[in-house]
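Novice: Starting off with a structure, shown below.
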Amino acid sequence: MNGTLTDTVHATGQSSFRDEWPVQSYRDRGLRLARAQRVQTEHNTQGLNTRTQHKQVLDYKRANFELMKEELGSYNYEVLMNNKNAEECYMILKNKIATATDHHIPRKRIRPTNNPPWFLQKIKRLINARQHSYRRLKRYQTEPHRQEHIHACRAVKRTIKSTKRNKEITVTAQATTIPKSFYKYVNDRRLKRDTIGPLIDSEGSTQTNNKSKAKILNTYFTSVFTHEDLTEIPQPHVLKSGNHVRWRIYSKRGRGTAQHFKPI
């Protein structure tokens with residue numbers, strides 16, 4: 001005997017072989033496979049920065065506008081803008097304001113979010129509860145779990161509808177006192193806010209003027225229409241009956257001579 005697995009089976013019998021190599025259920029195999037995949041995923045994503053990048057904006061509440069005015073007033077603009085055109089003067093003033101802003105207005109970090117303004121923490125909890133109820137329904141497939149999932153879905157819809165309505169009522173009521181909140185909500189509701197970029201005309205030059213871009217778009221959209229042949233317009237035939245004149249229009253059906261003209 002070389003001590004192989006076959007020798008062990010023949011020597012100890014089939015019962016000991018089953019005890020040594022237990023047969024596991026499909027559920028245990030699935031759990032082991034899922035655990036292995038999760039470990040592999042954690043190993044692959046290790047070292048990657050998955051945190052949300054913060055956005056830096058100006059914090060006007062902590063700004064020192066007095067020192068900013070003093071710095072902007074300390075420059076001799078007559079000397080700086082001497083013999084300069086309007087564009088150069090504008091760039092000089094813009095750079096000075098930007099420098100004073102960096103010196104006297106601090107910045108703060110905010111976390112960007114894609115959630116709408118009416119999305120509250122309560123709605124998030126209800127959505128999580130709906131997902132958990134759906135998982136329990138898929139697992140047990142019973143009538144109580146189905147009713148639980150239906151109630152969870154209705155609660156999410158009802159809460160979203162009421163929250164959106166209350167948000168719009170609040171924004172509308174504060175439109176005169178807090179117009180920024182009103183216009184911010186309106187701009188967030190807009191589907192598309194991008195403007196039309198530069199266009200190239202038929203001569204190959206780039207046009208940035210609104211009037212020129214409108215002409216280019218008008219020419220392009222009118223080019224898709226077909227030009228009808230006005231030489232074969234059917235002529236009306238006058239039929240006199242007493243004092244009344246009746247008009248009858250003939251349309252050409254099919255191809256051929258005048259005998260193919262049928263009355264409408």
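Labels used: A, B, ... for chains in the order of the structure tokens, numbers from 1 for residues in each chain, and numbers from 1 for ligands as shown.
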Env of Val156 of chain A: 7 Å cut, atoms = only C-alpha atoms, seq-sep filter 5 positions within chain, self excluded. Answer as number ranges by chain.
Specialist: A: 123, 126-127
Novice: Take the residues from that selection and put them in a file with N, CA and C atoms, as a PDB file, in the first residue's frame.
Specialist:
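Produced file result36.pdb, reproduced below:
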```
ATOM      1  N   ILE A 123     -37.135  60.112   4.149  1.00  0.00           N
ATOM      2  CA  ILE A 123     -37.361  59.383   2.901  1.00  0.00           C
ATOM      3  C   ILE A 123     -36.293  58.325   2.690  1.00  0.00           C
ATOM      4  N   LEU A 126     -37.168  55.342   4.790  1.00  0.00           N
ATOM      5  CA  LEU A 126     -38.277  54.584   4.213  1.00  0.00           C
ATOM      6  C   LEU A 126     -37.838  53.769   2.997  1.00  0.00           C
ATOM      7  N   ILE A 127     -36.951  54.318   2.194  1.00  0.00           N
ATOM      8  CA  ILE A 127     -36.448  53.573   1.033  1.00  0.00           C
ATOM      9  C   ILE A 127     -35.638  52.358   1.478  1.00  0.00           C
TER      10      ILE A 127
END
```
Novice: Got a sec: who's within 12 Å of Asp102 of chain A, counting only C-alpha atoms, leaving out chain neighbours fewer than 2 positions off, as a ChimeraX atom specification?
Specialist: /A:57-60,63-65,67-68,71,95-100,104-107
Novice: Go ahead and save the residues from that selection, with all heavy atoms, as a compact mmCIF listing (two decimals), in the first residue's frame.
Specialist:
```txt
# COMPACT_ATOMS: atom_id res chain seq x y z
N VAL A 57 -15.68 76.09 -1.89
CA VAL A 57 -16.41 77.30 -2.28
C VAL A 57 -16.03 78.42 -1.33
O VAL A 57 -15.48 78.19 -0.24
CB VAL A 57 -17.94 77.07 -2.27
CG1 VAL A 57 -18.34 76.04 -3.30
CG2 VAL A 57 -18.40 76.64 -0.88
N LEU A 58 -16.32 79.65 -1.72
CA LEU A 58 -16.01 80.81 -0.89
C LEU A 58 -17.00 80.91 0.27
O LEU A 58 -18.21 80.75 0.09
CB LEU A 58 -16.06 82.09 -1.73
CG LEU A 58 -15.03 82.20 -2.86
CD1 LEU A 58 -15.28 83.44 -3.69
CD2 LEU A 58 -13.62 82.21 -2.29
N ASP A 59 -16.46 81.19 1.45
CA ASP A 59 -17.27 81.34 2.65
C ASP A 59 -17.42 82.84 2.94
O ASP A 59 -16.58 83.46 3.60
CB ASP A 59 -16.62 80.61 3.83
CG ASP A 59 -17.54 80.55 5.03
OD1 ASP A 59 -18.68 81.01 4.92
OD2 ASP A 59 -17.10 80.04 6.09
N TYR A 60 -18.48 83.44 2.42
CA TYR A 60 -18.67 84.88 2.55
C TYR A 60 -19.03 85.29 3.98
O TYR A 60 -18.90 86.47 4.32
CB TYR A 60 -19.75 85.36 1.59
CG TYR A 60 -19.35 85.23 0.14
CD1 TYR A 60 -19.79 84.15 -0.63
CD2 TYR A 60 -18.54 86.18 -0.47
CE1 TYR A 60 -19.41 84.03 -1.96
CE2 TYR A 60 -18.17 86.07 -1.79
CZ TYR A 60 -18.61 85.00 -2.54
OH TYR A 60 -18.23 84.87 -3.86
N ALA A 63 -15.83 86.38 5.62
CA ALA A 63 -15.00 87.28 4.80
C ALA A 63 -14.75 88.60 5.53
O ALA A 63 -15.58 89.07 6.31
CB ALA A 63 -15.67 87.54 3.46
N ASN A 64 -13.60 89.19 5.27
CA ASN A 64 -13.22 90.49 5.83
C ASN A 64 -13.27 91.51 4.68
O ASN A 64 -12.28 91.75 3.99
CB ASN A 64 -11.83 90.43 6.45
CG ASN A 64 -11.52 91.63 7.31
OD1 ASN A 64 -12.19 92.66 7.21
ND2 ASN A 64 -10.50 91.52 8.16
N PHE A 65 -14.44 92.11 4.51
CA PHE A 65 -14.62 93.02 3.38
C PHE A 65 -13.92 94.36 3.60
O PHE A 65 -13.59 95.04 2.62
CB PHE A 65 -16.11 93.24 3.14
CG PHE A 65 -16.83 92.02 2.65
CD1 PHE A 65 -17.65 91.28 3.50
CD2 PHE A 65 -16.69 91.59 1.34
CE1 PHE A 65 -18.31 90.16 3.04
CE2 PHE A 65 -17.35 90.46 0.88
CZ PHE A 65 -18.16 89.74 1.74
N LEU A 67 -10.84 94.87 4.93
CA LEU A 67 -9.47 94.73 4.43
C LEU A 67 -9.45 94.55 2.91
O LEU A 67 -8.51 94.99 2.24
CB LEU A 67 -8.80 93.54 5.11
CG LEU A 67 -8.56 93.67 6.62
CD1 LEU A 67 -7.92 92.41 7.16
CD2 LEU A 67 -7.69 94.90 6.92
N MET A 68 -10.50 93.93 2.38
CA MET A 68 -10.56 93.76 0.93
C MET A 68 -10.72 95.11 0.23
O MET A 68 -10.09 95.38 -0.80
CB MET A 68 -11.72 92.82 0.59
CG MET A 68 -11.82 92.46 -0.88
SD MET A 68 -13.14 91.26 -1.17
CE MET A 68 -13.03 91.10 -2.96
N GLU A 71 -7.34 96.96 0.37
CA GLU A 71 -6.37 96.45 -0.61
C GLU A 71 -6.72 96.91 -2.01
O GLU A 71 -5.83 97.29 -2.79
CB GLU A 71 -6.32 94.92 -0.54
CG GLU A 71 -5.31 94.32 -1.50
CD GLU A 71 -5.23 92.81 -1.38
OE1 GLU A 71 -5.80 92.27 -0.41
OE2 GLU A 71 -4.60 92.19 -2.25
N ASN A 95 -8.05 90.61 -12.24
CA ASN A 95 -6.96 89.97 -11.50
C ASN A 95 -6.79 90.56 -10.10
O ASN A 95 -6.53 89.83 -9.14
CB ASN A 95 -5.66 90.09 -12.29
CG ASN A 95 -5.70 89.31 -13.59
OD1 ASN A 95 -6.42 88.32 -13.71
ND2 ASN A 95 -4.95 89.76 -14.59
N LYS A 96 -6.96 91.87 -9.98
CA LYS A 96 -6.84 92.49 -8.66
C LYS A 96 -7.96 92.03 -7.72
O LYS A 96 -7.73 91.76 -6.54
CB LYS A 96 -6.87 94.01 -8.81
CG LYS A 96 -5.68 94.59 -9.59
CD LYS A 96 -4.37 94.26 -8.92
CE LYS A 96 -3.20 94.86 -9.70
NZ LYS A 96 -1.88 94.49 -9.10
N ILE A 97 -9.17 91.93 -8.26
CA ILE A 97 -10.30 91.46 -7.43
C ILE A 97 -10.10 90.00 -7.04
O ILE A 97 -10.38 89.61 -5.89
CB ILE A 97 -11.62 91.67 -8.18
CG1 ILE A 97 -11.90 93.16 -8.36
CG2 ILE A 97 -12.78 91.02 -7.44
CD1 ILE A 97 -13.14 93.46 -9.18
N ALA A 98 -9.60 89.19 -7.95
CA ALA A 98 -9.36 87.77 -7.63
C ALA A 98 -8.28 87.63 -6.57
O ALA A 98 -8.39 86.80 -5.66
CB ALA A 98 -8.98 87.02 -8.90
N THR A 99 -7.23 88.46 -6.65
CA THR A 99 -6.16 88.40 -5.63
C THR A 99 -6.68 88.82 -4.27
O THR A 99 -6.40 88.18 -3.24
CB THR A 99 -5.00 89.31 -6.06
OG1 THR A 99 -4.54 88.91 -7.36
CG2 THR A 99 -3.86 89.20 -5.07
N ALA A 100 -7.48 89.89 -4.22
CA ALA A 100 -8.05 90.33 -2.94
C ALA A 100 -9.04 89.31 -2.39
O ALA A 100 -9.13 89.13 -1.17
CB ALA A 100 -8.74 91.68 -3.14
N HIS A 104 -8.66 87.61 1.48
CA HIS A 104 -9.55 88.02 2.56
C HIS A 104 -10.86 87.23 2.64
O HIS A 104 -11.65 87.49 3.53
CB HIS A 104 -9.89 89.51 2.41
CG HIS A 104 -8.68 90.38 2.35
ND1 HIS A 104 -7.86 90.61 3.45
CD2 HIS A 104 -8.12 91.08 1.32
CE1 HIS A 104 -6.88 91.41 3.11
NE2 HIS A 104 -7.01 91.72 1.81
N ILE A 105 -11.11 86.32 1.73
CA ILE A 105 -12.32 85.49 1.80
C ILE A 105 -11.87 84.03 1.91
O ILE A 105 -11.32 83.48 0.96
CB ILE A 105 -13.22 85.70 0.58
CG1 ILE A 105 -13.65 87.16 0.46
CG2 ILE A 105 -14.45 84.80 0.67
CD1 ILE A 105 -14.53 87.44 -0.74
N PRO A 106 -12.08 83.41 3.05
CA PRO A 106 -11.67 82.00 3.19
C PRO A 106 -12.58 81.08 2.39
O PRO A 106 -13.65 81.47 1.91
CB PRO A 106 -11.80 81.74 4.69
CG PRO A 106 -12.82 82.72 5.15
CD PRO A 106 -12.68 83.94 4.28
N ARG A 107 -12.15 79.85 2.28
CA ARG A 107 -12.91 78.84 1.55
C ARG A 107 -13.37 77.74 2.49
O ARG A 107 -12.74 77.50 3.52
CB ARG A 107 -12.08 78.25 0.40
CG ARG A 107 -11.72 79.26 -0.67
CD ARG A 107 -10.89 78.62 -1.77
NE ARG A 107 -10.58 79.56 -2.82
CZ ARG A 107 -11.32 79.80 -3.88
NH1 ARG A 107 -12.45 79.11 -4.04
NH2 ARG A 107 -10.96 80.68 -4.79
```
Novice: Counting only C-alpha atoms, which residue out of A:Glu232, A:Phe119, A:Glu66, A:Asn83 sits closest to Thr163 of chain A?
Specialist: A:Phe119
Novice: Tell me, which residues of segment 123-230 of chain A carry DSSP strand (DSSP E or B), written as an NGL selection string?
Specialist: :A and (199-200 or 206-207)
Novice: Taking only C-alpha atoms into account, produce a table as a Markdown table in which each residue of segment 109-170 of chain A with an atom at most 12 Å from an atom of segment 180-199 of chain A appears once, together with its shortest atom pair and the distance in Å to one decimal, ordered by chain and rising number.
Specialist:
```
| residue | atom | partner | partner_atom | distance |
| --- | --- | --- | --- | --- |
| A:Asn114 | CA | A:Asp188 | CA | 10.4 |
| A:Asn115 | CA | A:Asp188 | CA | 10.5 |
| A:Pro116 | CA | A:Asp188 | CA | 8.0 |
| A:Pro117 | CA | A:Tyr185 | CA | 7.7 |
| A:Trp118 | CA | A:Tyr185 | CA | 10.0 |
| A:Lys164 | CA | A:Tyr185 | CA | 11.5 |
| A:Lys167 | CA | A:Tyr185 | CA | 9.6 |
| A:Glu168 | CA | A:Tyr185 | CA | 8.6 |
| A:Ile169 | CA | A:Phe182 | CA | 10.6 |
| A:Thr170 | CA | A:Phe182 | CA | 9.3 |
```
Novice: Restricted to N, CA and C atoms, what would the selected residues look like written as a CSV table (one decimal), in the first residue's frame?
Specialist:
```
chain,number,residue,atom,x,y,z
A,114,ASN,N,-26.2,64.7,-5.3
A,114,ASN,CA,-27.2,64.7,-6.4
A,114,ASN,C,-28.6,64.6,-5.9
A,115,ASN,N,-28.8,64.6,-4.6
A,115,ASN,CA,-30.2,64.5,-4.1
A,115,ASN,C,-31.0,65.8,-4.3
A,116,PRO,N,-32.3,65.7,-4.6
A,116,PRO,CA,-33.1,66.9,-4.8
A,116,PRO,C,-33.3,67.6,-3.5
A,117,PRO,N,-33.7,68.8,-3.5
A,117,PRO,CA,-33.8,69.6,-2.2
A,117,PRO,C,-34.9,69.0,-1.3
A,118,TRP,N,-35.9,68.3,-1.8
A,118,TRP,CA,-36.9,67.7,-0.9
A,118,TRP,C,-36.6,66.3,-0.4
A,164,LYS,N,-42.5,66.8,-1.4
A,164,LYS,CA,-42.4,67.7,-2.5
A,164,LYS,C,-43.4,68.8,-2.5
A,167,LYS,N,-42.4,71.3,0.1
A,167,LYS,CA,-41.2,72.1,-0.3
A,167,LYS,C,-41.6,73.2,-1.3
A,168,GLU,N,-42.4,72.9,-2.2
A,168,GLU,CA,-42.8,73.9,-3.2
A,168,GLU,C,-43.7,75.0,-2.6
A,169,ILE,N,-44.5,74.6,-1.6
A,169,ILE,CA,-45.3,75.6,-0.9
A,169,ILE,C,-44.4,76.6,-0.2
A,170,THR,N,-43.4,76.0,0.5
A,170,THR,CA,-42.5,76.9,1.3
A,170,THR,C,-41.7,77.8,0.4
```
Novice: Distance atom CA of Asn128 of chain A-atom CA of Ala152 of chain A, one decimal place?
Specialist: 9.6 Å
Novice: Atom CA of Glu143 of chain A to atom CA of Arg158 of chain A: how many Å, to one decimal?
Specialist: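 Interatomic distance here is 22.5 Å.
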Novice: Which one of A:Asn82, A:Thr101, A:Thr159, A:Thr113 sits closest to Lys55 of chain A if you count only C-alpha atoms?
Specialist: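 Of A:Asn82, A:Thr101, A:Thr159, A:Thr113, the one nearest Lys55 of chain A is A:Thr113, counting only C-alpha atoms.
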